[in-house]
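The next block is my_file-v7.txt, given as compact mmCIF, C-alpha atoms.
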# COMPACT_ATOMS: atom_id res chain seq x y z
CA ASP A 249 -16.74 -7.49 17.50
CA LEU A 250 -12.95 -7.33 17.69
CA PRO A 251 -11.99 -6.81 21.35
CA HIS A 252 -8.79 -4.84 21.92
CA THR A 253 -8.70 -3.80 18.27
CA GLY A 254 -8.66 -0.21 17.12
CA LEU A 255 -9.85 0.56 13.63
CA HIS A 256 -8.72 3.75 11.93
CA GLY A 257 -9.47 5.23 8.55
CA THR A 258 -8.12 8.22 6.70
CA ASP A 259 -8.64 9.70 3.28
CA TYR A 260 -7.36 12.60 1.22
CA ASN A 261 -10.94 13.44 0.22
CA PRO A 262 -12.68 15.12 3.19
CA GLN A 263 -16.14 14.25 1.83
CA LEU A 264 -15.31 10.54 1.79
CA ALA A 265 -13.83 10.77 5.29
CA ALA A 266 -16.98 12.58 6.53
CA TRP A 267 -19.21 9.86 5.07
CA CYS A 268 -17.17 7.18 6.83
CA GLU A 269 -17.26 9.11 10.10
CA GLN A 270 -21.06 9.37 9.92
CA ASN A 271 -21.76 5.82 8.75
CA LEU A 272 -18.99 3.69 10.21
CA ARG A 273 -19.15 4.57 13.89
CA PHE A 274 -16.77 1.77 14.88
CA VAL A 275 -13.85 3.45 13.04
CA ARG A 276 -11.84 6.50 14.04
CA VAL A 277 -11.79 8.53 10.85
CA GLY A 278 -9.60 11.43 9.81
CA THR A 279 -8.15 13.09 6.77
CA ASN A 280 -4.63 13.21 5.42
CA GLU A 281 -2.73 15.43 3.03
CA LEU A 282 -1.66 14.34 -0.44
CA ALA A 283 1.84 13.78 0.94
CA PRO A 284 2.90 12.20 4.25
CA PRO A 285 3.42 12.25 7.16
CA MET A 286 0.32 11.07 8.91
CA ARG A 287 -0.58 11.74 12.54
CA TYR A 288 0.03 8.13 13.58
CA ALA A 289 2.92 6.99 15.77
CA ALA A 290 5.64 4.71 14.46
CA SER A 291 5.01 0.96 14.61
CA GLY A 292 1.38 1.40 15.66
CA PHE A 293 -0.43 -0.78 13.12
CA ASP A 294 -0.63 -4.51 12.51
CA LEU A 295 -2.40 -4.09 9.16
CA ILE A 296 -2.85 -1.28 6.68
CA TYR A 297 -4.95 -1.59 3.58
CA ALA A 298 -4.85 0.85 0.69
CA LEU A 299 -7.36 -0.10 -1.97
CA SER A 300 -7.04 1.87 -5.21
CA VAL A 301 -4.74 4.42 -3.59
CA PHE A 302 -1.46 3.87 -5.44
CA THR A 303 -3.43 3.73 -8.69
CA HIS A 304 -3.84 7.52 -8.47
CA LEU A 305 -0.41 8.70 -7.31
CA PRO A 306 2.73 9.40 -9.37
CA GLU A 307 5.79 7.33 -8.64
CA HIS A 308 7.57 9.76 -6.29
CA SER A 309 4.38 10.02 -4.18
CA GLN A 310 4.03 6.26 -4.10
CA PHE A 311 7.49 5.87 -2.60
CA GLU A 312 6.74 8.58 -0.02
CA TRP A 313 3.58 6.73 1.03
CA LEU A 314 5.31 3.36 1.07
CA SER A 315 7.92 4.83 3.43
CA GLU A 316 5.17 6.27 5.60
CA PHE A 317 3.31 2.96 5.75
CA HIS A 318 6.59 1.24 6.57
CA ARG A 319 7.08 3.74 9.42
CA ILE A 320 3.65 3.20 10.99
CA LEU A 321 3.54 -0.59 10.57
CA ARG A 322 4.89 -2.69 13.41
CA PRO A 323 7.71 -5.11 12.52
CA GLY A 324 6.11 -7.95 10.59
CA GLY A 325 2.99 -5.84 9.94
CA LEU A 326 1.02 -6.33 6.75
CA LEU A 327 0.18 -3.97 3.91
CA LEU A 328 -2.73 -5.03 1.69
CA LEU A 329 -3.18 -3.03 -1.47
CA SER A 330 -4.69 -3.08 -4.93
CA LEU A 331 -2.98 -1.96 -8.12
CA HIS A 332 -3.81 -1.69 -11.82
CA GLY A 333 -2.05 -4.68 -13.37
CA ALA A 334 -1.96 -6.62 -16.63
CA TYR A 335 -5.76 -6.65 -16.97
CA TYR A 336 -5.58 -2.97 -17.95
CA THR A 337 -3.02 -3.27 -20.78
CA SER A 338 -5.83 -3.09 -23.36
CA ARG A 339 -6.47 0.49 -22.17
CA LEU A 340 -2.87 1.55 -22.78
CA ASN A 341 -1.61 3.01 -26.04
CA GLU A 342 1.15 1.20 -27.92
CA GLU A 343 3.99 3.12 -26.28
CA GLU A 344 2.52 2.66 -22.79
CA ARG A 345 1.89 -1.04 -23.42
CA THR A 346 5.52 -1.51 -24.48
CA GLN A 347 6.66 0.33 -21.35
CA PHE A 348 4.38 -1.83 -19.16
CA ASN A 349 5.47 -5.07 -20.85
CA ASP A 350 9.10 -4.04 -20.31
CA GLY A 351 8.36 -3.93 -16.56
CA ALA A 352 8.17 -0.15 -16.15
CA LEU A 353 5.53 1.83 -14.31
CA VAL A 354 3.06 3.68 -16.55
CA THR A 355 1.58 6.95 -15.28
CA ARG A 356 -1.03 9.15 -16.91
CA TYR A 357 -1.78 12.71 -15.77
CA ASP A 358 0.60 12.72 -12.81
CA SER A 359 -0.11 16.44 -12.32
CA SER A 360 -3.60 15.37 -11.17
CA ALA A 361 -2.27 13.26 -8.30
CA GLY A 362 -4.87 12.10 -5.82
CA THR A 363 -7.74 12.26 -8.31
CA ASN A 364 -9.25 9.65 -10.58
CA LEU A 365 -7.75 11.45 -13.58
CA CYS A 366 -4.27 10.32 -12.51
CA ASN A 367 -3.96 6.64 -13.47
CA VAL A 368 -1.01 4.41 -12.72
CA PHE A 369 -0.40 0.89 -14.01
CA HIS A 370 1.92 -1.49 -12.14
CA PRO A 371 3.54 -4.45 -13.93
CA GLU A 372 4.29 -7.38 -11.65
CA PRO A 373 8.10 -7.24 -12.09
CA TYR A 374 8.11 -3.53 -11.19
CA VAL A 375 6.14 -4.20 -8.00
CA ARG A 376 8.44 -7.03 -6.94
CA GLN A 377 11.73 -5.29 -7.80
CA GLN A 378 11.09 -1.58 -7.16
CA PHE A 379 7.78 -0.79 -5.50
CA ALA A 380 7.91 -3.39 -2.70
CA ARG A 381 11.66 -3.39 -2.14
CA HIS A 382 11.35 -2.66 1.62
CA PHE A 383 8.69 -5.32 2.07
CA GLU A 384 8.41 -9.06 1.63
CA VAL A 385 5.79 -10.09 -0.93
CA VAL A 386 3.54 -12.52 0.95
CA ASP A 387 0.96 -12.98 -1.78
CA PHE A 388 -0.02 -11.68 -5.19
CA VAL A 389 -3.41 -12.40 -6.76
CA PRO A 390 -3.86 -11.06 -10.30
CA GLU A 391 -7.28 -9.38 -10.51
CA GLY A 392 -7.84 -10.46 -6.90
CA ALA A 393 -9.27 -7.15 -5.71
CA ARG A 394 -12.55 -7.55 -7.55
CA GLY A 395 -14.37 -4.75 -5.76
CA ASN A 396 -11.99 -2.30 -7.45
CA PRO A 397 -12.81 -3.69 -10.81
CA ARG A 398 -10.22 -6.31 -11.46
CA GLN A 399 -7.28 -4.71 -9.71
CA ASP A 400 -4.41 -6.91 -8.60
CA ALA A 401 -4.27 -7.71 -4.90
CA TRP A 402 -0.89 -7.59 -3.14
CA LEU A 403 -0.10 -8.56 0.43
CA LEU A 404 3.24 -7.25 1.70
CA ARG A 405 5.00 -7.73 5.04
CA LYS A 406 7.25 -5.15 6.65
CA ARG A 407 10.78 -6.50 6.83
What's the structure tokens form of this structure?
Amino acid sequence: DLPHTGLHGTDYNPQLAAWCEQNLRFVRVGTNELAPPMRYAASGFDLIYALSVFTHLPEHSQFEWLSEFHRILRPGGLLLLSLHGAYYTSRLNEEERTQFNDGALVTRYDSSAGTNLCNVFHPEPYVRQQFARHFEVVDFVPEGARGNPRQDAWLLRKR
């Protein structure tokens, strides 16, 4: 019930995209590759959300996708995403926990990018200083994305 609003969805996993296409008839659904670009025009979106996407991509891929989202967002557009934050430090080994607490990104199994085996943990200072450097941080809610068990919710605005 959103007049003049187009809803689009895309996923790297063709089975998930097919399910959405069959069950969410109000959304135009497609697939994407593990790396950008996407088929969308520049500045075409007011809002993009990526829930538990960056949690499964190594750092270089994250920056590629952030650039792509920046490209397809209109000026002032919003990016809503969820990330593994401080809640997950108990799952890290001592070296990883030190790295995380020092404000550095922690990545496990980066050769399995795009799968649940690849896990990435984002400390708040890293997100603010590195990850979101081409965006304005509008809001940050630790453990705010509760449907992706206890992931941090971030709302960013395209500068």
(message) Give me the residues near Thr258 of chain A as a list in words, where near means some atom within 12 Å (using all atoms listed in the file) and where sequence neighbours in that chain fewer than 3 positions away do not count.
(response) Leu255, Asn261, Pro262, Gln263, Leu264, Ala265, Ala266, Trp267, Cys268, Glu269, Val275, Arg276, Val277, Gly278, Thr279, Asn280, Glu281, Leu282, Pro284, Met286, Arg287, Tyr288, Ile296, Tyr297, Ala298 and Val301 of chain A
(message) Counting all atoms listed in the file, which residue out of A:Lys406, A:Asp358, A:Ile320, A:Leu329 sits closest to Ala393 of chain A?
(response)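 Result for the nearest residue to Ala393 of chain A: A:Leu329.
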(request) Please measure the separation of atom CA of Thr303 of chain A and atom CA of Ser359 of chain A, giving the value in Å to one decimal. (result) 13.6 Å
(message) Show me, as an MDAnalysis selection string, the residues that have an atom within 10 Å of His332 of chain A when counting only C-alpha atoms, minus same-chain residues fewer than 6 positions from it.
(response) chainID A and resid 300 302:304 354 367:372 390:391 393 396:401
(message) Which residues are close to Leu305 of chain A, i.e. within 10 Å by only C-alpha atoms, leaving aside same-chain residues fewer than 6 positions away? Reply as a list in words.
(response)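 The filter keeps Leu282, Ala283, Phe311, Trp313, Thr355, Arg356, Tyr357, Asp358, Ser359, Ser360, Ala361, Gly362, Thr363, Asn364, Cys366, Asn367 and Val368 of chain A.
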(message) One number please: atom CA of Arg339 of chain A to atom CA of His308 of chain A, in Å, one decimal.
(response)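 If I compute the distance from atom CA of Arg339 of chain A to atom CA of His308 of chain A, I get 23.1 Å.
The interatomic distance for the pair atom CA of Tyr336 of chain A and atom CA of Glu316 of chain A works out to 27.5 Å.
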(request) May I ask which of the residues A:Gly333, A:Pro285, A:Pro251, A:Gly324 is the closest one to Ala352 of chain A, counting all atoms listed in the file? (result)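 The closest residue to Ala352 of chain A is A:Gly333.
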File for segment 283-367 of chain A (C-alpha atoms), as a PDB file, in the first residue's frame:
ATOM      1  CA  ALA A 283      30.932  -8.580  -6.422  1.00  0.00           C
ATOM      2  CA  PRO A 284      29.296  -5.430  -7.821  1.00  0.00           C
ATOM      3  CA  PRO A 285      28.077  -3.815  -9.987  1.00  0.00           C
ATOM      4  CA  MET A 286      24.363  -4.306  -9.843  1.00  0.00           C
ATOM      5  CA  ARG A 287      21.927  -3.664 -12.693  1.00  0.00           C
ATOM      6  CA  TYR A 288      20.460  -0.575 -11.030  1.00  0.00           C
ATOM      7  CA  ALA A 289      20.965   2.980 -12.266  1.00  0.00           C
ATOM      8  CA  ALA A 290      22.869   5.555 -10.257  1.00  0.00           C
ATOM      9  CA  SER A 291      20.922   7.526  -7.646  1.00  0.00           C
ATOM     10  CA  GLY A 292      17.804   5.386  -8.047  1.00  0.00           C
ATOM     11  CA  PHE A 293      17.057   4.422  -4.441  1.00  0.00           C
ATOM     12  CA  ASP A 294      15.861   6.316  -1.397  1.00  0.00           C
ATOM     13  CA  LEU A 295      16.556   3.409   0.965  1.00  0.00           C
ATOM     14  CA  ILE A 296      18.648   0.258   0.827  1.00  0.00           C
ATOM     15  CA  TYR A 297      18.701  -2.296   3.577  1.00  0.00           C
ATOM     16  CA  ALA A 298      21.285  -5.030   3.889  1.00  0.00           C
ATOM     17  CA  LEU A 299      20.538  -7.267   6.844  1.00  0.00           C
ATOM     18  CA  SER A 300      23.310  -9.729   7.689  1.00  0.00           C
ATOM     19  CA  VAL A 301      25.072  -9.095   4.380  1.00  0.00           C
ATOM     20  CA  PHE A 302      28.335  -7.470   5.481  1.00  0.00           C
ATOM     21  CA  THR A 303      28.623 -10.111   8.199  1.00  0.00           C
ATOM     22  CA  HIS A 304      29.609 -12.618   5.493  1.00  0.00           C
ATOM     23  CA  LEU A 305      31.954 -10.613   3.261  1.00  0.00           C
ATOM     24  CA  PRO A 306      35.693  -9.947   3.665  1.00  0.00           C
ATOM     25  CA  GLU A 307      36.793  -6.362   4.054  1.00  0.00           C
ATOM     26  CA  HIS A 308      37.709  -5.657   0.412  1.00  0.00           C
ATOM     27  CA  SER A 309      34.266  -6.924  -0.687  1.00  0.00           C
ATOM     28  CA  GLN A 310      32.561  -4.792   1.926  1.00  0.00           C
ATOM     29  CA  PHE A 311      34.151  -1.643   0.544  1.00  0.00           C
ATOM     30  CA  GLU A 312      33.175  -2.643  -3.004  1.00  0.00           C
ATOM     31  CA  TRP A 313      29.549  -3.067  -1.900  1.00  0.00           C
ATOM     32  CA  LEU A 314      29.558   0.149   0.104  1.00  0.00           C
ATOM     33  CA  SER A 315      30.740   1.982  -3.023  1.00  0.00           C
ATOM     34  CA  GLU A 316      28.021   0.297  -5.060  1.00  0.00           C
ATOM     35  CA  PHE A 317      25.320   1.206  -2.543  1.00  0.00           C
ATOM     36  CA  HIS A 318      26.663   4.754  -2.491  1.00  0.00           C
ATOM     37  CA  ARG A 319      26.380   4.811  -6.307  1.00  0.00           C
ATOM     38  CA  ILE A 320      22.754   3.636  -6.431  1.00  0.00           C
ATOM     39  CA  LEU A 321      21.493   5.719  -3.487  1.00  0.00           C
ATOM     40  CA  ARG A 322      20.138   9.163  -4.260  1.00  0.00           C
ATOM     41  CA  PRO A 323      21.828  12.078  -2.451  1.00  0.00           C
ATOM     42  CA  GLY A 324      20.654  11.926   1.152  1.00  0.00           C
ATOM     43  CA  GLY A 325      19.480   8.320   0.688  1.00  0.00           C
ATOM     44  CA  LEU A 326      19.608   5.913   3.600  1.00  0.00           C
ATOM     45  CA  LEU A 327      21.437   2.629   4.100  1.00  0.00           C
ATOM     46  CA  LEU A 328      20.106   0.412   6.895  1.00  0.00           C
ATOM     47  CA  LEU A 329      22.275  -2.534   7.797  1.00  0.00           C
ATOM     48  CA  SER A 330      23.062  -5.032  10.512  1.00  0.00           C
ATOM     49  CA  LEU A 331      26.525  -6.057  11.671  1.00  0.00           C
ATOM     50  CA  HIS A 332      28.058  -8.424  14.212  1.00  0.00           C
ATOM     51  CA  GLY A 333      29.116  -6.147  17.063  1.00  0.00           C
ATOM     52  CA  ALA A 334      30.271  -6.360  20.674  1.00  0.00           C
ATOM     53  CA  TYR A 335      27.624  -8.947  21.597  1.00  0.00           C
ATOM     54  CA  TYR A 336      29.673 -11.542  19.696  1.00  0.00           C
ATOM     55  CA  THR A 337      33.034 -10.979  21.428  1.00  0.00           C
ATOM     56  CA  SER A 338      32.451 -14.059  23.599  1.00  0.00           C
ATOM     57  CA  ARG A 339      32.647 -16.149  20.407  1.00  0.00           C
ATOM     58  CA  LEU A 340      36.055 -14.756  19.465  1.00  0.00           C
ATOM     59  CA  ASN A 341      39.344 -16.309  20.506  1.00  0.00           C
ATOM     60  CA  GLU A 342      41.767 -14.255  22.594  1.00  0.00           C
ATOM     61  CA  GLU A 343      43.684 -12.871  19.613  1.00  0.00           C
ATOM     62  CA  GLU A 344      40.484 -11.963  17.757  1.00  0.00           C
ATOM     63  CA  ARG A 345      38.985 -10.374  20.877  1.00  0.00           C
ATOM     64  CA  THR A 346      42.099  -8.208  21.304  1.00  0.00           C
ATOM     65  CA  GLN A 347      41.893  -7.205  17.641  1.00  0.00           C
ATOM     66  CA  PHE A 348      38.176  -6.361  18.008  1.00  0.00           C
ATOM     67  CA  ASN A 349      38.722  -4.416  21.243  1.00  0.00           C
ATOM     68  CA  ASP A 350      41.501  -2.463  19.510  1.00  0.00           C
ATOM     69  CA  GLY A 351      38.907  -1.318  16.948  1.00  0.00           C
ATOM     70  CA  ALA A 352      39.942  -3.594  14.077  1.00  0.00           C
ATOM     71  CA  LEU A 353      37.697  -5.693  11.872  1.00  0.00           C
ATOM     72  CA  VAL A 354      37.797  -9.443  12.593  1.00  0.00           C
ATOM     73  CA  THR A 355      37.206 -11.838   9.701  1.00  0.00           C
ATOM     74  CA  ARG A 356      36.992 -15.612   9.762  1.00  0.00           C
ATOM     75  CA  TYR A 357      37.124 -17.783   6.631  1.00  0.00           C
ATOM     76  CA  ASP A 358      37.257 -14.922   4.145  1.00  0.00           C
ATOM     77  CA  SER A 359      37.848 -17.449   1.345  1.00  0.00           C
ATOM     78  CA  SER A 360      34.206 -18.529   1.888  1.00  0.00           C
ATOM     79  CA  ALA A 361      32.822 -15.071   1.118  1.00  0.00           C
ATOM     80  CA  GLY A 362      29.077 -14.918   0.640  1.00  0.00           C
ATOM     81  CA  THR A 363      28.391 -17.995   2.775  1.00  0.00           C
ATOM     82  CA  ASN A 364      27.554 -18.377   6.440  1.00  0.00           C
ATOM     83  CA  LEU A 365      31.005 -19.870   7.029  1.00  0.00           C
ATOM     84  CA  CYS A 366      32.576 -16.445   6.452  1.00  0.00           C
ATOM     85  CA  ASN A 367      31.970 -14.411   9.617  1.00  0.00           C
TER      86      ASN A 367
END
